[in-house]
There are 2 protein chains.
Amino acid sequence: MMEKVDGARMRAMKARVFDITTGINIALMNEDEAHENDIFTSDRVLIKKGQKHATAYVDLSSTMVRRGEIGLFADAAAALGVKRDDVLEVAQSKHPVSIEFIKKKMDGWALDDKEISTVIKELMENRLTEAELASFITSLYIRGLTTEETVSLTKAIVASGETLDLGSAGPVVDKHCTGGVAGNRTTMILVPIVAAAGLYIPKTSSRAITSAAGTADTMEVLAKVDLALPEMREVVMKTHGCIAWGGAMNLAAADDKLIRIRHSMRLDPKGVMVASVLAKKKSVGAEYVVIDVPVGRGAKIEGMDRANDLAREFIIIGAKLGMKCEVLVTYGRDPVGEGIGPALECRDVLRVLQGGGPTDLVEKSCKLAGAVLELSGKVEPGRGYDVAWGLLKNGTAYAKMKEIIEAQGGNPRVNEDDLPIGQYRHEVHATSDGRVHLVDNRMVNRIARAAGAPKAKGAGIMLHVESGDKVKKGQLLYEVVAESETKLSEAVDLLEALAPIELEKLILGKMGERGVFEWKPEM
Amino acid sequence: MMEKVDGARMRAMKARVFDITTGINIALMNEDEAHENDIFTSDRVLIKKGQKHATAYVDLSSTMVRRGEIGLFADAAAALGVKRDDVLEVAQSKHPVSIEFIKKKMDGWALDDKEISTVIKELMENRLTEAELASFITSLYIRGLTTEETVSLTKAIVASGETLDLGSAGPVVDKHCTGGVAGNRTTMILVPIVAAAGLYIPKTSSRAITSAAGTADTMEVLAKVDLALPEMREVVMKTHGCIAWGGAMNLAAADDKLIRIRHSMRLDPKGVMVASVLAKKKSVGAEYVVIDVPVGRGAKIEGMDRANDLAREFIIIGAKLGMKCEVLVTYGRDPVGEGIGPALECRDVLRVLQGGGPTDLVEKSCKLAGAVLELSGKVEPGRGYDVAWGLLKNGTAYAKMKEIIEAQGGNPRVNEDDLPIGQYRHEVHATSDGRVHLVDNRMVNRIARAAGAPKAKGAGIMLHVESGDKVKKGQLLYEVVAESETKLSEAVDLLEALAPIELEKLILGKMGERGVFEWKPEM
């Protein structure tokens with residue numbers, strides 16, 4: 001007697017496993033058998049092994065699986081812990097109810113808490129196709145989210161994963177940056193400052209998607225960043241802070257799936273972005289959150305209007321979730337620091353913690369850390385920056401960073417000479433006199449990536465000038481750094497086309513009657 | 001020296017072929033090699049073999065392909081004609097420019113002719129992901145299409161495939177039905193009538209997606225329907241008409257890809273639906289087109305307002321494409337004819353052509369055929385129905401149908417006793433006295449499909465009552481017909497839940513504050 005799951009009759013099938021990674025769950029079925037059961041490619045089946053369920057999309061084959069067999073590709077096999085010849089129960093999957101809610105949103109209606117949590121739940125069960133999810137995000141983008149919808153979405157994302165509980169320890173603070181600015185490694189300076197001041201800051205960071213390095217990539221030069229949740233808790237309880245890779249934990253799990261679609265189309269509905277950020281903060285139990293919104297060409301947020309909107313949204317939604325938020329809109333047109341790429345950025349960070357380093361990185365980190373100290377009530381209003389600067393300059397922050405590095409399994413005595421910086425260099429010199437008008441974040445990131453960053457930790461760019469500098473013909477502007485000759489030459493190939501440093505003011509962009517804003521042409 | 005295609009450097013890779021059908025092009029790459037080249041799952045690669053190009057999505061494996069090898073799944077291998085050990089040139093695929101246009105539409109701007117044709121071109125090259133295409137259709141659904149956009153889309157769909165050219169033969173007419181009505185096989189009666197009257201009607205029809213039979217499924221009981229374009233041309237030049245399966249030809253090719261997404265989300269933006277229909281008509285060279293829009297619960301179009309909108313759109317867009325269109329809004333609440341399912345519908349059709357058959361099928365077919373005759377100028381206004389009825393009743397249409405069946409490789413002497421109608425029957429009787437309030441198209445289709453239709457040609461439903469009939473307790477309402485006992489019992493299992501014939505008037509639906517219109521609960 002077959003059990004019924006989800007209203008469908010289950011049948012027993014024998015597992016085969018294929019070492020093919022697709023990013024989604026795929027089940028390979030015998031073509032004749034599938035067609036007899038009205039199952040076609042891109043239909044969904046529900047697969048059960050013991051207590052575990054997963055939904056998978058169907059691919060078909062006449063030869064690779066026999067009747068009665070079901071082939072799981074690597075993602076699905078891992079999700080269910082399936083080995084060859086395991087007996088699985090399989091049923092045709094019902095239409096996910098979310099489709100009705102996605103359609104409702106498309107038609108302009110607001111979704112309630114239950115409806116949004118259902119969409120996120122079915123998303124987590126892999127019951128929605130990429131197409132359905134894209135329709136959802138597109139509808140949210142066009143129709144917008146109400147405050148209530150954003151709150152519901154944030155709660156649903158929090159509920160989709162685990163949460164960090166520090167018990168009675170506190171106050172718990174956090175910080176976030178909306179991104180896009182190359183070399184912007186303030187987290188690695190801010191965390192030790194506020195931890196040294198006695199606050200708890202369980203910081204999770206991301207790896208690079210399109211940039212030369214994410215904070216997780218850079219911290220990884222100094223210590224282990226893929227901490228499991230209990231490990232992170234231990235580090236934070238011991239040192240008051242950590243800098244871990246968010247992707248290694250199951251915090252705000254739905255966010256990874258949402259980002260996948262947002263990234264492919266470069267859509268970023270305001271409400272989804274806010275929910276995504278605040279869900280991560282809520283998941284670690286943050287009570288006070290400072291958000292850095294860099295604004296400027298090349299940053300994630302390019303105009304002040306959008307920054308203002310976003311700032312209000314963070315504050316309103318944060319309050320509804322019991323988090324006090326403060327948003328600092330920062331200058332995001334140029335890179336921060338001198339090094340771009342994991343090890344080169346590490347060098348800037350170590351220099352700052354040791355009392356030197358690039359001034360812009362020192363100033364920005366102390367301002368953000370000061371804001372955290374004031375917001376949490378640890379320091380009286382107006383005194384935050386000074387206290388932060390003091391903790392940095394008297395070495396307390398550096399001592400704290402060593403504790404954190406050690407707690408995360410790194411070598412606390414690491415010095416800049418130990419950093420694995422690439423030996424292959426290419427210098428770029430000014431071809432005329434002029435004044436540096438722009439160091440383009442996007443171009444800098446692309447060249448650093450071509451040179452091997454973030455995978456090659458020692459690759460990237462060293463900037464020797466910044467916006468406003470007067471330069472003479474022949475003066476060194478920047479160096480490209482790589483770990484191999486091949487990678488160096490690939491990056492150098494890109495230079496001609498990209499020109500990351502502009503010496504003259506250019507037209508920033510134009511909008512013609514076609515309605516598409518054109519920045520300078522990209523490759 | 002590697003050639004550059006599409007701006008990317010190509011490298012030579014050795015092909016492996018995997019018998020896995022997914023519905024899209026998949027290339028399996030060695031995981032380490034891919035990551036070293038910054039290629040991840042769901043990235044796209046461009047693959048070249050000789051003069052043929054295709055874009056494929058990347059799956060990864062450590063064991064199934066070695067470095068330097070690329071594994072093509074069945075769809076991509078077929079598209080490129082690749083065999084094991086063929087040498088292919090492979091490059092990372094550039095971001096499709098369509099993404100910019102999809103985003104522009106999302107932001108509320110109208111797209112111009114060039115932009116729409118680019119999206120359709122990249123769609124045809126498989127360069128858009130399901131997610132990107134879903135975003136496009138969702139944006140069209142929410143933002144709507146201007147008349148100009150619909151015209152551009154129609155032209156782009158026509159240009160995506162081949163076209164039928166009948167030379168100086170004419171006038172060329174066509175007919176379309178928006179669908180949803182079970183048993184509505186008017187095409188198989190209308191085509192011989194208008195062909196007998198001397199018009200040319202190169203009719204392409206579809207197979208069932210969710211219904212018990214499409215016209216192509218039903219015609220297939222009598223003749224071959226998967227004609228190639230030159231075969232169709234030959235049949236039409238010889239007999240003036242044909243009833244072929246559109247899917248076998250490469251007419252309006254982009255439409256199949258668009259339908260895939262529209263079907264998954266059940267989205268049907270008006271402009272896309274109109275473009276889809278008219279592109280098929282334009283592709284066969286139609287000058288006069290009659291469109292049947294059945295309206296009523298269970299039909300594709302449920303309300304008169306939407307039917308009116310759609311009718312206007314067909315007429316305006318048709319005119320801009322040089323086609324004179326006429327729309328007949330028809331009663332779509334109940335099935336047409338007695339049989340539901342390929343062979344059972346064929347029986348109704350043969351009976352009608354032989355002078356008998358269900359009255360509703362006779363009347364509807366003659367009205368539509370009359371409209372075609374009048375619209376084309378073949379018959380003076382007001383006389384169309386009479387002429388059509390005359391051609392049917394004097395046997396001319398039947399003689400023409402025999403010619404068409406023979407030209408399509410079928411047996412023109414087929415009679416209803418030769419039809420392969422299933423031997424397994426289940427009778428359903430009225431459980432009380434009453435009047436038939438509704439025969440539900442959707443429920444009828446679902447039960448017929450459970451009984452095996454359309455794959456099992458002889459399966460389906462025979463209706464013995466229609467709306468308005470007074471029935472007595474115990475009277476035969478309908479029979480379920482199947483080709484096997486298993487299928488019959490599966491269909492009978494569904495009956496309890498679905499009740500396709502309602503004897504009392506019910507609430508039709510309700511909309512609550514959730515904003516979702518609820519028809520009667522579906523399984």
# chains A, B, ... in the order shown; residues from 1 in each chain; ligands from 1

$ residues_around --residues "segment 354-370 of chain B" --least-positions-apart "6" --cutoff "7 Å" --atoms "only C-alpha atoms" --output "number ranges by chain"
B: 186, 189-190, 193-194, 336-338, 348, 384-385, 387-389, 393, 395, 398

$ write_last_selection --atoms "C-alpha atoms" --output "PDB file, in the first residue's frame"
ATOM      1  CA  THR B 186     -15.688  22.773 -36.034  1.00  0.00           C
ATOM      2  CA  ILE B 189     -16.200  20.509 -40.839  1.00  0.00           C
ATOM      3  CA  LEU B 190     -15.415  24.115 -41.766  1.00  0.00           C
ATOM      4  CA  ILE B 193     -16.854  23.355 -46.612  1.00  0.00           C
ATOM      5  CA  VAL B 194     -14.750  26.386 -47.494  1.00  0.00           C
ATOM      6  CA  VAL B 336     -19.951  21.038 -28.290  1.00  0.00           C
ATOM      7  CA  GLY B 337     -20.969  17.675 -29.756  1.00  0.00           C
ATOM      8  CA  GLU B 338     -21.422  14.379 -27.920  1.00  0.00           C
ATOM      9  CA  ASP B 348     -19.308  13.231 -34.386  1.00  0.00           C
ATOM     10  CA  GLY B 384     -22.802  32.558 -46.096  1.00  0.00           C
ATOM     11  CA  TYR B 385     -24.592  30.264 -43.669  1.00  0.00           C
ATOM     12  CA  VAL B 387     -24.223  28.273 -48.812  1.00  0.00           C
ATOM     13  CA  ALA B 388     -22.165  26.497 -46.114  1.00  0.00           C
ATOM     14  CA  TRP B 389     -25.185  24.466 -44.992  1.00  0.00           C
ATOM     15  CA  LYS B 393     -26.018  18.772 -46.740  1.00  0.00           C
ATOM     16  CA  GLY B 395     -22.371  15.881 -49.622  1.00  0.00           C
ATOM     17  CA  TYR B 398     -17.841  15.231 -47.264  1.00  0.00           C
TER      18      TYR B 398
END

$ select_by_dssp --residues "segment 53-244 of chain A" --states "strand (DSSP E or B)" --output "PyMOL selection string"
chain A and resi 53-61+69-73+87-92+162+172-177+200-205+241-244

$ write_last_selection --atoms "N, CA and C atoms" --output "mmCIF file, in the first residue's frame"
data_model
loop_
_atom_site.group_PDB
_atom_site.id
_atom_site.type_symbol
_atom_site.label_atom_id
_atom_site.label_comp_id
_atom_site.auth_asym_id
_atom_site.auth_seq_id
_atom_site.Cartn_x
_atom_site.Cartn_y
_atom_site.Cartn_z
ATOM 1 N N HIS A 53 11.903 15.000 2.336
ATOM 2 C CA HIS A 53 11.184 15.248 1.088
ATOM 3 C C HIS A 53 11.979 16.216 0.231
ATOM 4 N N ALA A 54 11.882 16.107 -1.073
ATOM 5 C CA ALA A 54 12.375 17.175 -1.944
ATOM 6 C C ALA A 54 11.571 17.151 -3.231
ATOM 7 N N THR A 55 11.460 18.290 -3.859
ATOM 8 C CA THR A 55 10.821 18.347 -5.167
ATOM 9 C C THR A 55 11.921 18.490 -6.204
ATOM 10 N N ALA A 56 11.755 17.821 -7.338
ATOM 11 C CA ALA A 56 12.772 17.895 -8.387
ATOM 12 C C ALA A 56 12.093 18.082 -9.738
ATOM 13 N N TYR A 57 12.800 18.723 -10.667
ATOM 14 C CA TYR A 57 12.311 18.835 -12.038
ATOM 15 C C TYR A 57 12.700 17.592 -12.800
ATOM 16 N N VAL A 58 11.871 17.198 -13.749
ATOM 17 C CA VAL A 58 12.083 15.953 -14.478
ATOM 18 C C VAL A 58 12.847 16.194 -15.777
ATOM 19 N N ASP A 59 13.952 15.446 -15.967
ATOM 20 C CA ASP A 59 14.581 15.274 -17.270
ATOM 21 C C ASP A 59 14.274 13.839 -17.701
ATOM 22 N N LEU A 60 14.362 13.568 -19.001
ATOM 23 C CA LEU A 60 13.984 12.243 -19.490
ATOM 24 C C LEU A 60 15.120 11.588 -20.266
ATOM 25 N N SER A 61 15.169 10.274 -20.205
ATOM 26 C CA SER A 61 16.154 9.532 -20.989
ATOM 27 C C SER A 61 15.598 8.152 -21.306
ATOM 28 N N GLU A 69 13.309 2.952 -12.305
ATOM 29 C CA GLU A 69 14.464 3.656 -11.737
ATOM 30 C C GLU A 69 14.248 5.163 -11.814
ATOM 31 N N ILE A 70 14.863 5.865 -10.890
ATOM 32 C CA ILE A 70 14.863 7.329 -10.956
ATOM 33 C C ILE A 70 16.298 7.795 -10.710
ATOM 34 N N GLY A 71 16.801 8.635 -11.607
ATOM 35 C CA GLY A 71 18.176 9.105 -11.481
ATOM 36 C C GLY A 71 18.200 10.462 -10.814
ATOM 37 N N LEU A 72 18.924 10.588 -9.716
ATOM 38 C CA LEU A 72 19.041 11.905 -9.073
ATOM 39 C C LEU A 72 20.380 12.532 -9.441
ATOM 40 N N PHE A 73 20.347 13.795 -9.857
ATOM 41 C CA PHE A 73 21.589 14.524 -10.083
ATOM 42 C C PHE A 73 22.135 14.936 -8.710
ATOM 43 N N VAL A 87 15.767 2.826 -2.143
ATOM 44 C CA VAL A 87 14.389 2.839 -2.644
ATOM 45 C C VAL A 87 13.726 4.142 -2.223
ATOM 46 N N LEU A 88 13.239 4.878 -3.208
ATOM 47 C CA LEU A 88 12.627 6.183 -2.949
ATOM 48 C C LEU A 88 11.144 6.096 -3.257
ATOM 49 N N GLU A 89 10.370 6.946 -2.605
ATOM 50 C CA GLU A 89 8.975 7.044 -2.984
ATOM 51 C C GLU A 89 8.793 8.318 -3.806
ATOM 52 N N VAL A 90 8.109 8.167 -4.920
ATOM 53 C CA VAL A 90 8.026 9.255 -5.885
ATOM 54 C C VAL A 90 6.566 9.500 -6.262
ATOM 55 N N ALA A 91 6.197 10.772 -6.351
ATOM 56 C CA ALA A 91 4.838 11.102 -6.799
ATOM 57 C C ALA A 91 4.906 12.346 -7.661
ATOM 58 N N GLN A 92 3.941 12.473 -8.551
ATOM 59 C CA GLN A 92 3.863 13.697 -9.333
ATOM 60 C C GLN A 92 3.516 14.827 -8.370
ATOM 61 N N GLU A 162 18.035 29.180 10.301
ATOM 62 C CA GLU A 162 18.297 29.130 11.737
ATOM 63 C C GLU A 162 18.522 30.544 12.264
ATOM 64 N N VAL A 172 23.590 43.556 21.252
ATOM 65 C CA VAL A 172 24.063 42.970 20.007
ATOM 66 C C VAL A 172 23.896 44.010 18.897
ATOM 67 N N VAL A 173 24.968 44.311 18.203
ATOM 68 C CA VAL A 173 24.922 45.309 17.138
ATOM 69 C C VAL A 173 25.335 44.663 15.820
ATOM 70 N N ASP A 174 25.064 45.371 14.729
ATOM 71 C CA ASP A 174 25.489 44.857 13.429
ATOM 72 C C ASP A 174 25.676 46.033 12.489
ATOM 73 N N LYS A 175 26.254 45.744 11.330
ATOM 74 C CA LYS A 175 26.519 46.788 10.343
ATOM 75 C C LYS A 175 26.377 46.169 8.988
ATOM 76 N N HIS A 176 25.948 46.968 8.034
ATOM 77 C CA HIS A 176 25.782 46.445 6.680
ATOM 78 C C HIS A 176 26.158 47.533 5.683
ATOM 79 N N CYS A 177 26.661 47.088 4.524
ATOM 80 C CA CYS A 177 26.942 48.045 3.466
ATOM 81 C C CYS A 177 26.241 47.561 2.195
ATOM 82 N N TYR A 200 28.529 43.358 21.395
ATOM 83 C CA TYR A 200 28.614 42.069 20.688
ATOM 84 C C TYR A 200 28.288 42.292 19.213
ATOM 85 N N ILE A 201 29.151 41.829 18.326
ATOM 86 C CA ILE A 201 28.901 42.013 16.891
ATOM 87 C C ILE A 201 29.187 40.730 16.101
ATOM 88 N N PRO A 202 28.145 39.885 15.955
ATOM 89 C CA PRO A 202 28.276 38.610 15.232
ATOM 90 C C PRO A 202 28.127 38.876 13.740
ATOM 91 N N LYS A 203 29.197 39.312 13.112
ATOM 92 C CA LYS A 203 29.102 39.821 11.744
ATOM 93 C C LYS A 203 29.225 38.686 10.726
ATOM 94 N N THR A 204 28.240 38.611 9.828
ATOM 95 C CA THR A 204 28.363 37.703 8.688
ATOM 96 C C THR A 204 28.549 38.549 7.443
ATOM 97 N N SER A 205 29.421 38.082 6.564
ATOM 98 C CA SER A 205 29.715 38.821 5.341
ATOM 99 C C SER A 205 29.576 37.894 4.149
ATOM 100 N N GLY A 241 33.116 39.460 19.023
ATOM 101 C CA GLY A 241 32.934 39.716 17.591
ATOM 102 C C GLY A 241 33.378 38.550 16.742
ATOM 103 N N CYS A 242 33.033 38.615 15.472
ATOM 104 C CA CYS A 242 33.540 37.651 14.486
ATOM 105 C C CYS A 242 33.351 38.272 13.105
ATOM 106 N N ILE A 243 34.052 37.711 12.117
ATOM 107 C CA ILE A 243 33.831 38.104 10.728
ATOM 108 C C ILE A 243 33.763 36.790 9.965
ATOM 109 N N ALA A 244 32.525 36.303 9.760
ATOM 110 C CA ALA A 244 32.337 34.968 9.193
ATOM 111 C C ALA A 244 31.649 35.076 7.841
#

$ interface_residues --of "chain B" --to "chain A" --cutoff "7 Å" --atoms "only C-alpha atoms" --output "MDAnalysis selection string"
chainID B and resid 19:23 41 59:61 63:64 104 106 109 130:132 134:135 138 142 265 515:516

$ select_by_dssp --residues "segment 202-271 of chain B" --states "alpha helix (DSSP H)" --output "VMD selection string"
chain B and resid 215 to 219 229 to 239 254 to 265 270 to 271

$ residues_around --residues "Glu483 of chain A" --least-positions-apart "3" --cutoff "9 Å" --atoms "only C-alpha atoms" --output "number ranges by chain"
A: 421-425, 451-452, 456-459, 486-488

$ atom_distance --atom1 "atom CA of Leu199 of chain B" --atom2 "atom CA of Gly180 of chain B"
27.5 Å

$ residues_around --residues "Thr210 of chain A" --least-positions-apart "2" --cutoff "12 Å" --atoms "only C-alpha atoms" --output "ChimeraX atom specification"
/A:179-182,206-208,212-214,263-264,266,300,441-450,453-454 /B:38
